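S.K.: Next up is a structure, given as C-alpha cells.
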Amino acid sequence: MPPRTTPTERQKRLGSELRRIRTGSGMSAEFAAGLLGVDRGKISNIESGVRGISADRLRTLACNCDVTDEAYVEALVEMAQRSTGWWERYRGLLPQGLLDIAELESHAVRMRGANTVHVPGMLQTSEQAMAIFRAAVPALPEHEVALRLALRAERQQVITGDSIVPYLAVIHEAALRMQFGGTEVARDQLEHLLKVSERDNVTVLVVPFTHGAFPGAGQTVVHLEGPVPQLDTVQMDSSHGPTFLDTEGQLAKYRAQLDLLESLALSPEQSRDFVRDISRQL
C-alpha cells in the first residue's frame, strides 16, 4: 500500500495496536518483516500509521503473536480497510484534529462525556456553537466559523440523525448557566437540550453546584467506545486542539472518572426538571 502523507488518528491507532501486539509477544521488527514479506522500514511505517496493512498480513501477524481474541483481531481488520467518510470534504480546510474527532465518532458504538463550562458540542445549537467559535483567540475568519458550523452539524447526525449510537452526557450546572451568545441563545440552547434528551439513544445527566467537588473539574472528556474495549479512545479538548488517549491506564482512569460522575449526577428525569428550572430563570 502506498505511504500516507498525514495519517489520521484512527490510522495511527491501528499502527500502535499492531506495535503493541508485536512487542508484547517479544517479536522483533526484523522477524515481523520476514514473516509478512516486507522490508524492515515498512514495519516501522505500518506501526506509525504511514502505511496500511492488508487483512491477510494483519491476521498472519496476530496469529504468530498468539493473539486469541478473535473479536479484537476482526476489529483491527475493519480498521485496516481503506475507506473515506463525509469528513474528507473538509480536509485542507479545517485542522486535522477536528476531522479525526468526526472519524472516531462515526466508528464509535457508544459515547459518553463530561462537560463543565459548556454544553457538549454534540448537543449545541448552531447559534451557541457560533458564539463559542467567535470567542476564539486569535479570532477565526468568518469563512472558517462557517466551515466549523457545517462540520459540527454533520457530526451531530451520529446521534440525532438516523443513527442509534447511544450517547450519555454528564453536564455540570455551570455549563447550563453560561450565556454564550446572550440570554435568548442560552434559553434556546436549554430548550434544545431538553428536546434531544427525550431521544431513546440520548441521556443527559446534570451535576448541580450543590454536589461540590467532582473528578475532572474543568476538563471536557469524551469516551468513544470501539467495537471491543481495547479500541476505546478518550478525547479531551483544549485551546490548542484535541488530545487523544488510549493506553490501558488512561482508559481505566477516565472510565472510572465517568462512572463516578454518573453516580453523582441527578437522574435523567431530575436532570430535565433542573434544566427547565434554569431555562425559566432566564
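Ligands are numbered from 1 in the order shown, chains are lettered A, B, ... in the order of the C-alpha cells, and residues start at 1 in each chain.
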Give one line per residue of range 106-190 of chain A that approaches range 199-205 of chain A to at most 8 Å, naming the two atoms of the closest pair and their distance in Å to one decimal, counting only C-alpha atoms; sort by chain then ascending residue number and deliver it as JSON lines.
M.R.:
{"residue": "A:Ile159", "atom": "CA", "partner": "A:Asn201", "partner_atom": "CA", "distance": 7.3}
{"residue": "A:Ile164", "atom": "CA", "partner": "A:Asn201", "partner_atom": "CA", "distance": 5.9}
{"residue": "A:Val165", "atom": "CA", "partner": "A:Asn201", "partner_atom": "CA", "distance": 6.4}
{"residue": "A:Pro166", "atom": "CA", "partner": "A:Asn201", "partner_atom": "CA", "distance": 4.5}
{"residue": "A:Tyr167", "atom": "CA", "partner": "A:Val202", "partner_atom": "CA", "distance": 4.9}
{"residue": "A:Leu168", "atom": "CA", "partner": "A:Thr203", "partner_atom": "CA", "distance": 4.6}
{"residue": "A:Ala169", "atom": "CA", "partner": "A:Val204", "partner_atom": "CA", "distance": 5.0}
{"residue": "A:Val170", "atom": "CA", "partner": "A:Leu205", "partner_atom": "CA", "distance": 4.7}
{"residue": "A:Ile171", "atom": "CA", "partner": "A:Leu205", "partner_atom": "CA", "distance": 6.2}
S.K.: Please measure the separation of CA of Leu149 in chain A and CA of Met130 in chain A, giving the value in Å to one decimal.
M.R.: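 The value is 6.9 Å.
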S.K.: Select, from A:Gln124, A:Asp100, A:Asp273, A:Gln156, the residue with the minimum atom-to-atom distance to Ala175 in chain A, counting only C-alpha atoms.
M.R.: A:Gln124
S.K.: Go through range 65-260 of chain A and collect every residue that DSSP, computed from the backbone, puts in alpha helix (DSSP H); the answer should be as a ChimeraX atom specification.
M.R.: /A:70-80,96-107,126-133,142-160,173-177,183-196,248-260
S.K.: Tell me, as a VMD selection string, which residues lie within 9 Å of Ser126 in chain A, counting only C-alpha atoms; anything in the same chain fewer than 6 positions away does not count.
M.R.: chain A and resid 149 to 150 152 to 153
S.K.: Hey, what's within 12 Å of range 41-43 of chain A if we count only C-alpha atoms and toss same-chain stuff fewer than 2 positions away? As number ranges by chain, please?
M.R.: A: 1-3, 15-16, 18-19, 22, 27-39, 45-53, 57-58, 61
S.K.: Any idea what the distance is between CA of Arg177 in chain A and CA of Leu260 in chain A?
M.R.: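 Those two atoms sit 22.7 Å apart.
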S.K.: Restricting the calculation to only C-alpha atoms, which member of A:Arg40, A:Arg59, A:His211, A:Arg89 is positioned closest to Ile21 in chain A?
M.R.: A:Arg59
S.K.: For Glu9 in chain A, which residue out of A:Leu231, A:Ile278, A:Ile101, A:Ala213 is the nearest one, using only C-alpha atoms?
M.R.: A:Ile101
S.K.: Quick one: everything within 10 Å of range 225-230 of chain A, counting only C-alpha atoms, minus sequence neighbours fewer than 4 positions away in the same chain. Send it as number ranges by chain.
M.R.: A: 17, 69, 71-76, 78, 104-105, 107-112, 234, 246-248, 251
S.K.: Could you write out the selected residues, including N, CA, C and O atoms, as a short mmCIF file (atom, residue, chain, number, x, y, z; two decimals), in the first residue's frame?
M.R.:
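Contents of the output file result06.cif:
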data_model
loop_
_atom_site.label_atom_id
_atom_site.label_comp_id
_atom_site.auth_asym_id
_atom_site.auth_seq_id
_atom_site.Cartn_x
_atom_site.Cartn_y
_atom_site.Cartn_z
N GLU A 17 -1.62 -0.26 17.85
CA GLU A 17 -2.11 -1.55 18.32
C GLU A 17 -1.27 -2.69 17.75
O GLU A 17 -0.95 -3.65 18.46
N ASP A 69 -7.90 -13.37 20.83
CA ASP A 69 -9.16 -12.63 20.89
C ASP A 69 -9.62 -12.33 19.47
O ASP A 69 -9.20 -11.34 18.85
N ALA A 71 -12.50 -11.31 18.25
CA ALA A 71 -13.25 -10.06 18.08
C ALA A 71 -12.30 -8.88 17.95
O ALA A 71 -12.51 -7.97 17.13
N TYR A 72 -11.23 -8.88 18.73
CA TYR A 72 -10.22 -7.83 18.67
C TYR A 72 -9.53 -7.83 17.31
O TYR A 72 -9.36 -6.78 16.68
N VAL A 73 -9.14 -9.02 16.85
CA VAL A 73 -8.44 -9.12 15.56
C VAL A 73 -9.35 -8.62 14.43
O VAL A 73 -8.92 -7.86 13.55
N GLU A 74 -10.62 -9.04 14.44
CA GLU A 74 -11.53 -8.63 13.37
C GLU A 74 -11.80 -7.13 13.42
O GLU A 74 -12.00 -6.49 12.39
N ALA A 75 -11.81 -6.55 14.62
CA ALA A 75 -11.97 -5.09 14.74
C ALA A 75 -10.77 -4.39 14.13
O ALA A 75 -10.91 -3.34 13.48
N LEU A 76 -9.57 -4.94 14.33
CA LEU A 76 -8.38 -4.36 13.72
C LEU A 76 -8.43 -4.49 12.20
O LEU A 76 -8.04 -3.57 11.47
N GLU A 78 -11.09 -4.52 10.40
CA GLU A 78 -12.03 -3.50 9.93
C GLU A 78 -11.37 -2.12 9.90
O GLU A 78 -11.58 -1.34 8.96
N LEU A 104 -13.56 9.27 14.39
CA LEU A 104 -13.68 8.39 15.55
C LEU A 104 -15.13 8.29 16.01
O LEU A 104 -15.59 7.20 16.38
N GLU A 105 -15.84 9.40 15.99
CA GLU A 105 -17.26 9.38 16.39
C GLU A 105 -18.06 8.48 15.46
O GLU A 105 -18.96 7.76 15.91
N HIS A 107 -17.25 5.85 14.01
CA HIS A 107 -16.97 4.42 14.21
C HIS A 107 -17.26 3.97 15.64
O HIS A 107 -17.10 2.78 15.95
N ALA A 108 -17.65 4.88 16.52
CA ALA A 108 -17.91 4.52 17.91
C ALA A 108 -19.22 3.73 18.01
O ALA A 108 -20.17 3.95 17.25
N VAL A 109 -19.29 2.81 18.96
CA VAL A 109 -20.52 2.06 19.20
C VAL A 109 -21.29 2.65 20.37
O VAL A 109 -22.46 2.37 20.56
N ARG A 110 -20.63 3.49 21.16
CA ARG A 110 -21.27 4.21 22.27
C ARG A 110 -20.37 5.37 22.65
O ARG A 110 -19.15 5.27 22.54
N MET A 111 -20.97 6.47 23.08
CA MET A 111 -20.19 7.62 23.50
C MET A 111 -20.75 8.17 24.81
O MET A 111 -21.96 8.16 25.03
N ARG A 112 -19.86 8.64 25.65
CA ARG A 112 -20.28 9.35 26.85
C ARG A 112 -19.23 10.40 27.16
O ARG A 112 -18.04 10.22 26.86
N VAL A 234 -10.21 7.99 24.45
CA VAL A 234 -10.65 9.16 25.20
C VAL A 234 -10.16 10.40 24.48
O VAL A 234 -8.98 10.49 24.11
N ASP A 246 -5.23 6.57 24.71
CA ASP A 246 -5.70 5.20 24.50
C ASP A 246 -4.88 4.12 25.21
O ASP A 246 -5.04 2.94 24.93
N THR A 247 -3.97 4.50 26.12
CA THR A 247 -3.25 3.47 26.84
C THR A 247 -4.19 2.81 27.85
O THR A 247 -5.22 3.39 28.22
N GLU A 248 -3.85 1.62 28.27
CA GLU A 248 -4.71 0.88 29.20
C GLU A 248 -4.95 1.68 30.48
O GLU A 248 -6.08 1.75 30.98
N LEU A 251 -7.30 4.78 29.75
CA LEU A 251 -8.68 4.37 29.56
C LEU A 251 -9.32 3.98 30.88
O LEU A 251 -10.47 4.35 31.16
#
S.K.: From the DSSP assignment of the backbone, select every residue of range 31-256 of chain A that is strand (DSSP E or B), and format the answer as JSON, numbers by chain.
M.R.: {"A": [91, 94, 110, 111, 112, 113, 114, 115, 167, 168, 169, 170, 171, 172, 202, 203, 204, 205, 206, 207, 221, 222, 223, 224, 225, 233, 234, 235, 236, 243, 244, 245]}
S.K.: How many Å lie between CA of Leu258 in chain A and CA of Gly97 in chain A, rounded to one decimal?
M.R.: 23.0 Å
